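Peer 1: This one is model.txt, compact mmCIF, C-alpha atoms and all ligand atoms.
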```txt
# COMPACT_ATOMS: atom_id res chain seq x y z
CA MET A 1 41.73 155.03 -93.11
CA LEU A 2 39.90 158.25 -93.90
CA ILE A 3 39.90 161.22 -91.52
CA ASP A 4 38.01 164.33 -92.64
CA GLY A 5 37.85 162.77 -96.12
CA VAL A 6 41.66 162.51 -96.24
CA ASN A 7 43.32 159.17 -96.98
CA ILE A 8 45.77 159.01 -94.09
CA GLN A 9 46.48 155.30 -93.94
CA PRO A 10 50.24 154.69 -93.99
CA GLY A 11 51.02 152.98 -97.27
CA ALA A 12 48.84 155.40 -99.24
CA ALA A 13 48.73 158.48 -96.99
CA GLU A 14 48.48 161.83 -98.67
CA PHE A 15 50.78 164.67 -97.59
CA PRO A 16 50.08 168.38 -97.17
CA ARG A 17 51.59 170.82 -99.67
CA ASN A 18 51.49 174.00 -97.64
CA GLN A 19 54.18 172.82 -95.26
CA TRP A 20 57.96 172.81 -94.95
CA TYR A 21 60.08 169.72 -95.57
CA VAL A 22 63.82 169.15 -95.55
CA ALA A 23 65.02 169.27 -99.18
CA ALA A 24 68.77 168.75 -98.89
CA PHE A 25 71.83 169.17 -96.75
CA GLY A 26 73.46 172.54 -97.32
CA THR A 27 76.63 170.89 -98.62
CA GLU A 28 74.69 169.19 -101.43
CA VAL A 29 73.59 172.45 -103.03
CA THR A 30 76.47 174.11 -104.87
CA ARG A 31 77.20 176.01 -108.11
CA GLU A 32 76.71 172.66 -109.88
CA PRO A 33 72.96 172.20 -110.60
CA MET A 34 71.54 169.22 -108.69
CA HIS A 35 68.41 167.28 -109.65
CA ARG A 36 66.14 165.80 -106.99
CA ILE A 37 62.54 164.60 -107.06
CA LEU A 38 60.48 165.74 -104.08
CA PHE A 39 56.67 165.53 -103.78
CA GLY A 40 56.67 163.95 -107.25
CA ASP A 41 58.12 167.22 -108.62
CA PRO A 42 61.44 167.25 -110.49
CA ILE A 43 63.45 170.07 -108.88
CA VAL A 44 66.80 171.63 -109.75
CA PHE A 45 68.84 173.11 -106.92
CA TYR A 46 71.80 175.47 -107.21
CA ARG A 47 73.32 178.49 -105.48
CA THR A 48 73.50 182.08 -106.67
CA GLU A 49 76.87 183.81 -106.80
CA ALA A 50 76.05 185.27 -103.39
CA GLY A 51 75.55 181.73 -102.06
CA GLU A 52 71.75 181.75 -101.75
CA PRO A 53 70.15 178.38 -102.50
CA VAL A 54 67.67 178.26 -105.41
CA ALA A 55 65.09 175.60 -106.28
CA LEU A 56 63.18 175.59 -109.59
CA PHE A 57 60.85 173.12 -111.25
CA ASP A 58 63.28 171.04 -113.26
CA ARG A 59 61.62 171.11 -116.68
CA CYS A 60 62.22 173.69 -119.35
CA PRO A 61 58.80 174.90 -120.56
CA HIS A 62 60.10 175.26 -124.14
CA ARG A 63 60.54 171.62 -125.18
CA GLY A 64 60.72 169.84 -121.86
CA MET A 65 64.45 169.31 -121.18
CA ARG A 66 65.48 168.96 -117.55
CA LEU A 67 67.27 172.18 -116.65
CA SER A 68 69.69 170.15 -114.56
CA ASN A 69 70.55 168.01 -117.60
CA GLY A 70 73.71 169.75 -118.73
CA GLY A 71 72.34 173.14 -117.72
CA LEU A 72 74.98 175.77 -117.03
CA LEU A 73 74.94 178.67 -114.61
CA PHE A 74 75.61 182.24 -115.75
CA GLN A 75 75.73 184.45 -112.69
CA ASP A 76 72.41 183.64 -111.00
CA THR A 77 70.69 182.25 -114.11
CA ILE A 78 70.51 178.70 -115.40
CA GLN A 79 70.78 178.00 -119.12
CA CYS A 80 68.87 175.09 -120.64
CA HIS A 81 71.18 172.70 -122.46
CA TYR A 82 68.79 172.16 -125.41
CA HIS A 83 68.21 175.62 -127.00
CA GLY A 84 69.96 177.83 -124.46
CA ILE A 85 67.02 179.70 -122.93
CA ARG A 86 68.07 181.18 -119.60
CA PHE A 87 65.95 181.38 -116.45
CA ASN A 88 66.68 183.60 -113.48
CA GLU A 89 66.54 182.53 -109.83
CA LYS A 90 62.85 183.45 -109.73
CA GLY A 91 62.15 180.98 -112.55
CA ARG A 92 61.42 183.64 -115.18
CA ALA A 93 62.96 183.29 -118.66
CA CYS A 94 65.32 186.21 -119.18
CA LEU A 95 67.08 185.37 -122.45
CA ILE A 96 66.01 183.55 -125.64
CA PRO A 97 69.09 183.09 -127.83
CA SER A 98 67.01 182.51 -130.98
CA GLY A 99 65.18 185.80 -130.49
CA GLY A 100 61.95 187.10 -129.08
CA VAL A 101 60.92 188.61 -125.78
CA PRO A 102 60.43 186.22 -122.84
CA THR A 103 56.81 186.16 -121.71
CA SER A 104 55.51 185.15 -118.31
CA SER A 105 54.35 181.81 -119.75
CA LEU A 106 58.00 180.98 -120.34
CA SER A 107 58.70 180.45 -116.65
CA VAL A 108 59.05 177.61 -114.18
CA LYS A 109 57.83 177.27 -110.62
CA ARG A 110 60.19 178.60 -108.01
CA TYR A 111 60.20 177.01 -104.56
CA GLN A 112 60.67 178.94 -101.36
CA LEU A 113 63.72 177.74 -99.41
CA LYS A 114 65.08 178.42 -95.96
CA GLU A 115 68.61 177.36 -95.04
CA ILE A 116 69.06 176.74 -91.33
CA SER A 117 72.14 175.18 -89.79
CA GLY A 118 73.26 172.24 -91.97
CA TRP A 119 70.15 171.73 -94.06
CA ILE A 120 67.73 173.46 -96.39
CA TRP A 121 63.96 173.49 -95.95
CA ILE A 122 61.55 173.74 -98.86
CA TRP A 123 57.93 174.88 -98.94
CA ALA A 124 56.08 172.38 -101.12
CA GLY A 125 53.25 174.77 -101.99
CA ASP A 126 53.21 178.10 -103.82
CA ALA A 127 56.26 180.14 -102.90
CA ASP A 128 54.17 183.22 -102.16
CA SER A 129 52.19 181.44 -99.47
CA ALA A 130 55.26 180.17 -97.56
CA ASP A 131 54.95 180.73 -93.82
CA GLU A 132 58.30 180.56 -92.01
CA SER A 133 56.63 180.42 -88.61
CA LEU A 134 55.70 176.80 -89.43
CA ILE A 135 59.35 175.63 -89.50
CA PRO A 136 60.17 173.75 -86.28
CA ASP A 137 62.21 175.83 -83.83
CA HIS A 138 65.85 174.89 -84.47
CA ASP A 139 67.03 176.10 -81.07
CA ASP A 140 64.55 173.74 -79.51
CA LEU A 141 65.80 170.93 -81.77
CA GLY A 142 69.35 171.61 -80.62
CA LEU A 143 70.51 172.41 -84.17
CA THR A 144 71.22 176.07 -83.51
CA ALA A 145 71.25 176.25 -79.69
CA GLU A 146 74.40 177.11 -77.79
CA GLY A 147 76.03 174.15 -76.10
CA PHE A 148 74.83 171.65 -78.70
CA TYR A 149 76.89 170.17 -81.52
CA PRO A 150 75.00 169.01 -84.63
CA ARG A 151 76.41 166.71 -87.29
CA PHE A 152 74.68 166.33 -90.64
CA GLY A 153 75.23 163.95 -93.48
CA LEU A 154 73.12 160.80 -93.52
CA ALA A 155 70.27 160.53 -96.06
CA LEU A 156 68.31 157.30 -96.47
CA GLU A 157 65.95 156.65 -99.35
CA ALA A 158 62.93 154.51 -98.55
CA ASN A 159 60.57 152.90 -101.05
CA SER A 160 57.63 153.33 -98.76
CA ASN A 161 55.03 155.95 -97.94
CA TYR A 162 56.43 158.81 -95.82
CA LEU A 163 53.92 158.22 -93.01
CA PHE A 164 55.42 154.81 -92.27
CA SER A 165 58.71 156.54 -91.45
CA LEU A 166 57.10 159.29 -89.40
CA GLU A 167 55.05 156.90 -87.31
CA ASN A 168 57.96 154.49 -86.92
CA LEU A 169 60.04 157.21 -85.29
CA VAL A 170 57.38 158.10 -82.73
CA ASP A 171 56.84 154.44 -81.84
CA ALA A 172 59.39 153.17 -79.30
CA THR A 173 57.83 149.74 -78.84
CA HIS A 174 59.46 148.31 -81.97
CA ILE A 175 62.92 149.01 -80.52
CA SER A 176 62.68 145.90 -78.33
CA PHE A 177 61.99 143.66 -81.32
CA LEU A 178 63.03 145.09 -84.68
CA HIS A 179 66.27 146.45 -83.16
CA HIS A 180 66.53 143.79 -80.48
CA GLY A 181 69.51 144.44 -78.19
CA LEU A 182 70.99 147.14 -80.42
CA ILE A 183 70.10 150.27 -78.47
CA ASP A 184 68.35 149.05 -75.32
CA ASP A 185 68.19 146.07 -72.98
CA GLY A 186 64.98 144.77 -74.56
CA ASN A 187 62.67 146.44 -72.07
CA VAL A 188 61.21 149.41 -73.94
CA ALA A 189 58.01 147.86 -75.26
CA ALA A 190 56.51 146.99 -71.89
CA HIS A 191 57.61 150.20 -70.19
CA PRO A 192 54.92 152.75 -69.23
CA TYR A 193 54.82 155.96 -71.22
CA GLN A 194 53.28 159.39 -71.26
CA CYS A 195 51.89 160.93 -74.44
CA VAL A 196 52.14 164.71 -74.57
CA GLN A 197 50.72 166.86 -77.35
CA ASP A 198 51.62 170.49 -77.90
CA GLY A 199 50.45 172.05 -81.17
CA VAL A 200 51.82 169.91 -84.01
CA ARG A 201 54.20 168.15 -81.61
CA VAL A 202 53.36 164.74 -80.22
CA SER A 203 55.81 163.17 -77.74
CA MET A 204 55.98 159.69 -76.30
CA VAL A 205 58.07 159.85 -73.13
CA ARG A 206 59.52 157.00 -71.10
CA GLU A 207 61.75 157.10 -67.99
CA PHE A 208 64.11 154.23 -67.25
CA LYS A 209 66.00 153.66 -64.00
CA ASP A 210 69.33 151.95 -63.70
CA GLU A 211 69.20 150.08 -67.01
CA VAL A 212 72.06 148.38 -68.80
CA ILE A 213 73.60 150.62 -71.45
CA ALA A 214 73.52 148.87 -74.84
CA PRO A 215 76.92 148.55 -76.59
CA MET A 216 76.04 150.78 -79.54
CA VAL A 217 74.81 153.54 -77.23
CA LYS A 218 77.91 153.23 -75.09
CA ARG A 219 80.28 153.67 -77.99
CA THR A 220 78.36 156.39 -79.85
CA MET A 221 77.84 158.42 -76.67
CA ALA A 222 81.25 157.77 -75.08
CA LEU A 223 79.65 156.62 -71.82
CA GLN A 224 82.02 155.00 -69.34
CA GLY A 225 79.80 153.02 -66.97
CA GLU A 226 77.60 149.97 -67.47
CA ARG A 227 74.25 151.35 -66.29
CA ALA A 228 72.34 154.60 -66.55
CA ASP A 229 69.06 156.33 -65.87
CA ARG A 230 67.55 157.37 -69.18
CA THR A 231 64.77 159.58 -70.47
CA LEU A 232 63.60 158.56 -73.93
CA GLU A 233 61.41 161.06 -75.73
CA LEU A 234 60.19 160.43 -79.27
CA THR A 235 58.55 163.45 -80.85
CA SER A 236 56.84 163.95 -84.18
CA TYR A 237 56.38 167.39 -85.69
CA ALA A 238 53.56 166.91 -88.18
CA PRO A 239 54.04 166.47 -91.07
CA SER A 240 57.76 166.28 -91.70
CA LEU A 241 60.10 165.81 -88.75
CA CYS A 242 60.82 163.46 -85.88
CA VAL A 243 63.23 163.77 -82.99
CA VAL A 244 64.52 160.96 -80.80
CA ARG A 245 65.83 162.58 -77.63
CA GLN A 246 67.75 160.56 -75.09
CA HIS A 247 69.14 161.86 -71.84
CA PHE A 248 71.49 159.63 -69.87
CA VAL A 249 72.75 159.95 -66.32
CA GLU A 250 75.24 157.24 -65.48
CA ALA A 251 74.18 155.19 -62.50
CA GLY A 252 76.44 153.49 -59.99
CA SER A 253 79.54 155.51 -60.85
CA ASP A 254 80.91 158.48 -58.96
CA SER A 255 81.23 160.62 -62.06
CA LYS A 256 77.47 160.42 -62.83
CA MET A 257 78.26 161.48 -66.37
CA ARG A 258 75.37 163.12 -68.21
CA ARG A 259 74.85 162.93 -71.93
CA ASP A 260 72.14 164.32 -74.17
CA SER A 261 71.59 162.95 -77.64
CA ARG A 262 69.09 163.87 -80.32
CA LEU A 263 68.47 162.20 -83.60
CA VAL A 264 66.67 164.75 -85.76
CA VAL A 265 65.11 163.19 -88.85
CA GLY A 266 63.46 165.19 -91.62
CA ILE A 267 61.11 162.97 -93.60
CA THR A 268 60.25 164.19 -97.06
CA PRO A 269 57.93 162.45 -99.53
CA THR A 270 59.55 161.97 -102.93
CA GLY A 271 56.43 160.35 -104.34
CA PRO A 272 53.28 158.62 -103.08
CA ARG A 273 55.25 155.51 -102.11
CA SER A 274 58.72 156.84 -101.38
CA CYS A 275 60.54 159.29 -99.15
CA ILE A 276 63.96 160.43 -97.98
CA GLN A 277 65.03 160.50 -94.35
CA PHE A 278 67.52 163.33 -93.72
CA VAL A 279 69.37 162.64 -90.48
CA ALA A 280 71.16 165.01 -88.13
CA ALA A 281 72.80 163.84 -84.91
CA VAL A 282 73.08 166.32 -82.05
CA ASN A 283 74.88 166.04 -78.73
CA ASP A 284 75.50 168.35 -75.81
CA TYR A 285 79.22 167.70 -76.22
CA GLU A 286 81.48 167.48 -79.24
CA ASN A 287 80.91 163.93 -80.41
CA THR A 288 83.93 162.98 -82.52
CA TYR A 289 83.16 159.27 -82.75
CA PRO A 290 84.07 158.52 -86.40
CA GLY A 291 81.67 155.59 -86.77
CA LEU A 292 78.61 157.58 -85.67
CA PHE A 293 76.86 157.70 -89.03
CA ASP A 294 77.79 154.09 -89.85
CA ASP A 295 76.09 152.98 -86.63
CA LEU A 296 73.08 155.20 -87.27
CA ARG A 297 72.79 153.94 -90.85
CA HIS A 298 72.82 150.37 -89.59
CA LEU A 299 70.10 151.16 -87.05
CA LEU A 300 67.84 153.17 -89.33
CA MET A 301 68.20 150.78 -92.27
CA GLU A 302 66.61 148.08 -90.11
CA ASP A 303 63.53 150.30 -90.14
CA VAL A 304 63.73 151.22 -93.83
CA VAL A 305 64.02 147.56 -94.91
CA ALA A 306 61.07 146.58 -92.72
CA LEU A 307 58.88 149.47 -93.84
CA ASP A 308 59.63 148.84 -97.52
CA ASP A 309 58.52 145.26 -96.94
CA VAL A 310 55.27 146.43 -95.32
CA GLN A 311 54.69 148.66 -98.34
CA ILE A 312 55.15 145.76 -100.78
CA LEU A 313 52.49 143.71 -99.00
CA PHE A 314 50.19 146.73 -98.73
CA ASP A 315 50.43 147.25 -102.49
CA GLN A 316 49.96 143.56 -103.26
CA LEU A 317 46.75 143.48 -101.23
CA GLY A 318 45.43 146.97 -101.93
CA GLN A 319 44.27 149.32 -99.19
CA ASP A 320 40.84 147.71 -98.77
CA ARG A 321 42.40 144.36 -97.98
CA ALA A 322 45.17 145.78 -95.78
CA PRO A 323 43.40 147.26 -92.76
CA GLU A 324 45.29 148.13 -89.57
CA VAL A 325 44.33 147.40 -86.00
CA SER A 326 45.98 149.81 -83.58
CA VAL A 327 46.88 149.09 -79.97
CA ARG A 328 47.11 151.44 -77.01
CA SER A 329 50.80 152.29 -77.48
CA ASP A 330 50.09 153.56 -81.02
CA GLU A 331 48.68 156.70 -79.44
CA GLY A 332 51.53 158.90 -80.66
CA ALA A 333 51.20 157.62 -84.23
CA ILE A 334 47.43 158.04 -84.29
CA ARG A 335 47.64 161.58 -82.92
CA THR A 336 50.27 162.40 -85.54
CA ARG A 337 48.14 161.17 -88.42
CA ARG A 338 45.12 163.10 -87.10
CA LEU A 339 47.21 166.28 -87.14
CA ILE A 340 48.36 165.66 -90.71
CA ALA A 341 44.83 164.83 -91.88
CA ALA A 342 43.67 168.13 -90.36
CA GLN A 343 46.45 170.00 -92.18
CA ILE A 344 45.40 168.48 -95.51
CA ALA A 345 41.70 169.07 -94.85
CA ALA A 346 42.41 172.72 -94.01
CA GLU A 347 44.35 173.12 -97.25
CA ARG A 348 41.47 171.69 -99.22
CA SER A 349 38.83 173.84 -97.63
CA ALA A 350 41.00 176.94 -98.21
CA LYS A 351 41.12 176.02 -101.91
CA ALA A 352 37.45 175.10 -102.26
CA PRO A 353 35.29 177.75 -103.96
CA ALA A 354 33.13 179.71 -101.52
S1 LIG B 1 64.00 172.80 -124.26
FE1 LIG B 1 64.94 174.26 -123.06
S2 LIG B 1 65.52 175.82 -124.41
FE2 LIG B 1 64.44 174.40 -125.62
FE FE B 2 63.53 151.95 -85.44
```
Translate the structure described by the file into structure tokens.
Ligand code: FES
Ligand SMILES: [Fe+2]
Peer 2:
Amino acid sequence: MLIDGVNIQPGAAEFPRNQWYVAAFGTEVTREPMHRILFGDPIVFYRTEAGEPVALFDRCPHRGMRLSNGGLLFQDTIQCHYHGIRFNEKGRACLIPSGGVPTSSLSVKRYQLKEISGWIWIWAGDADSADESLIPDHDDLGLTAEGFYPRFGLALEANSNYLFSLENLVDATHISFLHHGLIDDGNVAAHPYQCVQDGVRVSMVREFKDEVIAPMVKRTMALQGERADRTLELTSYAPSLCVVRQHFVEAGSDSKMRRDSRLVVGITPTGPRSCIQFVAAVNDYENTYPGLFDDLRHLLMEDVVALDDVQILFDQLGQDRAPEVSVRSDEGAIRTRRLIAAQIAAERSAKAPA
């Protein structure tokens, strides 16, 4: 599927570079250099002595050693393990043990980072063009807002194109089938919805009355009763984040307990056919349920396994022989891919010579 000349068909969809993506949980980035491939780029992450996260292209320009491969930190610099050249946190070589003055060609790309709450965002494009206003509002997500309690710590690697994950999380209709009985009473697919678009946000909203609370929801949300009214809102933030918001009001019990839950999932391409889902769980109460991430892993792996399977068939057939036919309820997914295609097209036209 081409939109504005951009290949935006899940399975082979391109991704925009001048955007923010989740790179890591804050706890993963320490004084021990960490290697991670994102956007097809090898990247080394570490922290300065003052605790600021750093991300550099993970390849020494001298003879091509990974800086993370045995590299040591000296104050805020990283020393290549092969011949000991040191690079500062801006990616510039600052010491050549064998002699000579470091030139600007002896430098590696530095990535712009922004640490918010429990995770670190990365700008995939040139650091100098990073625009922090494009990061989703973390108060709105519930990750920094008062009265909300976020928990971070689940990362899932998928061997499938990032757009499969993004569209999957804005599509509630699969819940009734792929996750049958796990988190609903099997009635989501046929339920009417509203699709609301606001800037890069696309939400699919459904209201349920007096439905049976599924066992996994009951235990992860510490709900007491058997039935509840529920608002289910699935939102994509093109191109890199999805939020599953659920609001419960217990029905048929005097307490009428209310619970708000948000699953915030950063989706970051690692290559053309792979991505990482970084998961945060947020509640409007302190959720101490110890099995929370085990349950969420179980749920989300049902998606990952299915999407990886779709990718295998897509690659066996090739894009020309793997067309898609959308149905009405795919509205949120289609709007999301149009937004991403427009982001990529805008990037291209900004780069094109006048
Ligand atoms: S390869 Fe890094 S210093 Fe030579
Ligand atoms: Fe799912």
Peer 1: Which residue, A:Glu286, A:Asp184, A:Asp315, A:Asp229, has the smallest gap to ligand FE 2 (chain B) when you use all atoms listed in the file?
Peer 2: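 Distance minimum relative to ligand FE 2 (chain B) lands on A:Asp184.
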Peer 1: When distances are computed from all atoms listed in the file, which of A:Ala130, A:Cys80, A:Ile213, A:Ile85 shows the smallest separation from A:Arg17?
Peer 2: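 Selected residue with least distance to A:Arg17: A:Ala130.
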Peer 1: Quick check, in Å to one decimal: how far apart do atom CA of A:Glu331 and atom CA of A:Leu141 lie?
Peer 2: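 Spanning atom CA of A:Glu331 to atom CA of A:Leu141 is a straight-line distance of 22.4 Å.
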Peer 1: Quick one, how far is atom CA of A:Glu207 from atom CA of A:Leu232?
Peer 2: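 So the two atoms, atom CA of A:Glu207 and atom CA of A:Leu232, lie 6.4 Å apart.
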Peer 1: Have a look at atom CA of A:Leu307 and atom CA of A:Glu28 and let me know their distance in Å, one decimal.
Peer 2: 26.4 Å
Peer 1: Could you please extract the residues within 9 Å of ligand LIG 1 (chain B), counting only C-alpha atoms and all ligand atoms, and hand them back as a list of chain:residue names?
Peer 2: A:Arg59, A:Cys60, A:Pro61, A:His62, A:Arg63, A:Gly64, A:Met65, A:Arg66, A:Leu67, A:Gln79, A:Cys80, A:His81, A:Tyr82, A:His83, A:Gly84, A:Ile85, A:Arg86, A:Ile96, A:Pro97
Peer 1: Considering all atoms listed in the file, return as a PDB file with C-alpha atoms, keeping the file's coordinate frame whatever protein or nucleic-acid residues lie within 9 Å of stretch 257-260 of chain A, sequence-local ones (same chain, fewer than 3 positions apart) excluded.
Peer 2:
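Done, and the output landed in part13.pdb:
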```pdb
ATOM      1  CA  MET A 221      77.840 158.420 -76.670  1.00  0.00           C
ATOM      2  CA  ALA A 222      81.250 157.770 -75.080  1.00  0.00           C
ATOM      3  CA  LEU A 223      79.650 156.620 -71.820  1.00  0.00           C
ATOM      4  CA  GLN A 224      82.020 155.000 -69.340  1.00  0.00           C
ATOM      5  CA  GLY A 225      79.800 153.020 -66.970  1.00  0.00           C
ATOM      6  CA  ARG A 245      65.830 162.580 -77.630  1.00  0.00           C
ATOM      7  CA  GLN A 246      67.750 160.560 -75.090  1.00  0.00           C
ATOM      8  CA  HIS A 247      69.140 161.860 -71.840  1.00  0.00           C
ATOM      9  CA  PHE A 248      71.490 159.630 -69.870  1.00  0.00           C
ATOM     10  CA  VAL A 249      72.750 159.950 -66.320  1.00  0.00           C
ATOM     11  CA  GLU A 250      75.240 157.240 -65.480  1.00  0.00           C
ATOM     12  CA  ALA A 251      74.180 155.190 -62.500  1.00  0.00           C
ATOM     13  CA  SER A 253      79.540 155.510 -60.850  1.00  0.00           C
ATOM     14  CA  ASP A 254      80.910 158.480 -58.960  1.00  0.00           C
ATOM     15  CA  VAL A 282      73.080 166.320 -82.050  1.00  0.00           C
ATOM     16  CA  ASN A 283      74.880 166.040 -78.730  1.00  0.00           C
ATOM     17  CA  ASP A 284      75.500 168.350 -75.810  1.00  0.00           C
ATOM     18  CA  TYR A 285      79.220 167.700 -76.220  1.00  0.00           C
TER      19      TYR A 285
END
```
Peer 1: List all protein, DNA and RNA residues that have at least one atom no more than 6 Å from any atom of ligand FE 2 (chain B), counting all atoms listed in the file, and write them as a list of chain:residue names.
Peer 2: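 Residues satisfying the distance criterion: A:Ile175, A:Leu300, A:Asp303.
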Peer 1: Can you work out which one of A:Ser107, A:Asn187, A:Thr268, A:Thr235 has the shortest atom-to-atom distance to A:Ile122, counting only C-alpha atoms?
Peer 2: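 With only C-alpha atoms as the atom set, the closest residue is A:Thr268.
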Peer 1: Go through A:Ser203, A:Ala55, A:Arg110, A:His298 and flag the residue nearest A:Glu167, using all atoms listed in the file for the distances.
Peer 2: A:Ser203
Peer 1: Of the candidates A:Ala281, A:Leu113, A:Leu106, A:Ala24, which one gets nearest to A:Phe148 if we count all atoms listed in the file?
Peer 2: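 Smallest separation from A:Phe148 among the options: A:Ala281.
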Peer 1: Between A:Lys109, A:Lys209, A:Arg47, A:Arg201, which one has atoms that come closest to A:Glu32, using only C-alpha atoms?
Peer 2: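 The closest residue to A:Glu32 is A:Arg47.
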Peer 1: Place a sphere of radius 8 Å on (65.1, 187.6, -119.8) in the file coordinates and name every protein, DNA or RNA residue with an atom inside or on its surface, counting all atoms listed in the file; give the answer as a PyMOL selection string.
Peer 2: chain A and resi 86-88+92-96+101-102
Peer 1: Any chance you could export the current selection's C-alpha atoms as an mmCIF file, in the frame of the given file?
Peer 2:
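Ended up saving to out.cif:
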```cif
data_model
loop_
_atom_site.group_PDB
_atom_site.id
_atom_site.type_symbol
_atom_site.label_atom_id
_atom_site.label_comp_id
_atom_site.auth_asym_id
_atom_site.auth_seq_id
_atom_site.Cartn_x
_atom_site.Cartn_y
_atom_site.Cartn_z
ATOM 1 C CA ARG A 86 68.070 181.180 -119.600
ATOM 2 C CA PHE A 87 65.950 181.380 -116.450
ATOM 3 C CA ASN A 88 66.680 183.600 -113.480
ATOM 4 C CA ARG A 92 61.420 183.640 -115.180
ATOM 5 C CA ALA A 93 62.960 183.290 -118.660
ATOM 6 C CA CYS A 94 65.320 186.210 -119.180
ATOM 7 C CA LEU A 95 67.080 185.370 -122.450
ATOM 8 C CA ILE A 96 66.010 183.550 -125.640
ATOM 9 C CA VAL A 101 60.920 188.610 -125.780
ATOM 10 C CA PRO A 102 60.430 186.220 -122.840
#
```
Peer 1: So which residues touch A:Arg338 within 9 Å, counting only C-alpha atoms, skipping near sequence neighbours fewer than 5 positions away, as a list in words?
Peer 2: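 Listed by chain and then number, they are Ile3, Ile8, Ala333 and Gln343 of chain A.
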Peer 1: Determine, counting all atoms listed in the file, which protein, DNA and RNA residues have an atom within 10 Å of an atom of A:Leu2; residues of the same chain fewer than 2 positions away are not included. Present the result as a PyMOL selection string.
Peer 2: chain A and resi 4-9+13+338+341
Peer 1: Where's the centre, and what are the edge lengths in Å to one decimal, of a box along x, y and z enclosing all listed atoms of stretch 276-292 of chain A padded 5 Å per side, as AutoDock Vina command-line options?
Peer 2:
```
--center_x 74.0 --center_y 162.0 --center_z -86.9 --size_x 30.1 --size_y 22.8 --size_z 32.2
```
Peer 1: Reconstruct stretch 290-294 of chain A at the level of all heavy atoms, and format the result as a PDB file, keeping the file's coordinate frame.
Peer 2:
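Saved as rebuild_28.pdb:
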```
ATOM      1  N   PRO A 290      84.071 158.544 -84.936  1.00  0.00           N
ATOM      2  CA  PRO A 290      84.070 158.520 -86.400  1.00  0.00           C
ATOM      3  C   PRO A 290      83.032 157.569 -86.996  1.00  0.00           C
ATOM      4  O   PRO A 290      82.596 157.755 -88.128  1.00  0.00           O
ATOM      5  CB  PRO A 290      85.501 158.056 -86.757  1.00  0.00           C
ATOM      6  CG  PRO A 290      86.042 157.429 -85.520  1.00  0.00           C
ATOM      7  CD  PRO A 290      85.318 158.039 -84.356  1.00  0.00           C
ATOM      8  N   GLY A 291      82.616 156.561 -86.226  1.00  0.00           N
ATOM      9  CA  GLY A 291      81.670 155.590 -86.770  1.00  0.00           C
ATOM     10  C   GLY A 291      80.215 155.956 -86.515  1.00  0.00           C
ATOM     11  O   GLY A 291      79.322 155.127 -86.718  1.00  0.00           O
ATOM     12  N   LEU A 292      79.973 157.209 -86.078  1.00  0.00           N
ATOM     13  CA  LEU A 292      78.610 157.580 -85.670  1.00  0.00           C
ATOM     14  C   LEU A 292      77.585 157.331 -86.776  1.00  0.00           C
ATOM     15  O   LEU A 292      76.564 156.662 -86.578  1.00  0.00           O
ATOM     16  CB  LEU A 292      78.582 159.050 -85.245  1.00  0.00           C
ATOM     17  CG  LEU A 292      77.220 159.575 -84.801  1.00  0.00           C
ATOM     18  CD1 LEU A 292      76.737 158.881 -83.541  1.00  0.00           C
ATOM     19  CD2 LEU A 292      77.265 161.090 -84.574  1.00  0.00           C
ATOM     20  N   PHE A 293      77.860 157.838 -87.972  1.00  0.00           N
ATOM     21  CA  PHE A 293      76.860 157.700 -89.030  1.00  0.00           C
ATOM     22  C   PHE A 293      76.783 156.271 -89.565  1.00  0.00           C
ATOM     23  O   PHE A 293      75.735 155.862 -90.058  1.00  0.00           O
ATOM     24  CB  PHE A 293      77.112 158.713 -90.156  1.00  0.00           C
ATOM     25  CG  PHE A 293      76.607 160.093 -89.807  1.00  0.00           C
ATOM     26  CD1 PHE A 293      77.448 161.195 -89.836  1.00  0.00           C
ATOM     27  CD2 PHE A 293      75.284 160.286 -89.426  1.00  0.00           C
ATOM     28  CE1 PHE A 293      76.980 162.459 -89.501  1.00  0.00           C
ATOM     29  CE2 PHE A 293      74.802 161.548 -89.084  1.00  0.00           C
ATOM     30  CZ  PHE A 293      75.653 162.632 -89.123  1.00  0.00           C
ATOM     31  N   ASP A 294      77.862 155.515 -89.452  1.00  0.00           N
ATOM     32  CA  ASP A 294      77.790 154.090 -89.850  1.00  0.00           C
ATOM     33  C   ASP A 294      76.837 153.357 -88.906  1.00  0.00           C
ATOM     34  O   ASP A 294      76.006 152.568 -89.331  1.00  0.00           O
ATOM     35  CB  ASP A 294      79.175 153.443 -89.794  1.00  0.00           C
ATOM     36  CG  ASP A 294      80.074 153.954 -90.904  1.00  0.00           C
ATOM     37  OD1 ASP A 294      79.534 154.435 -91.914  1.00  0.00           O
ATOM     38  OD2 ASP A 294      81.303 153.901 -90.736  1.00  0.00           O
TER      39      ASP A 294
END
```
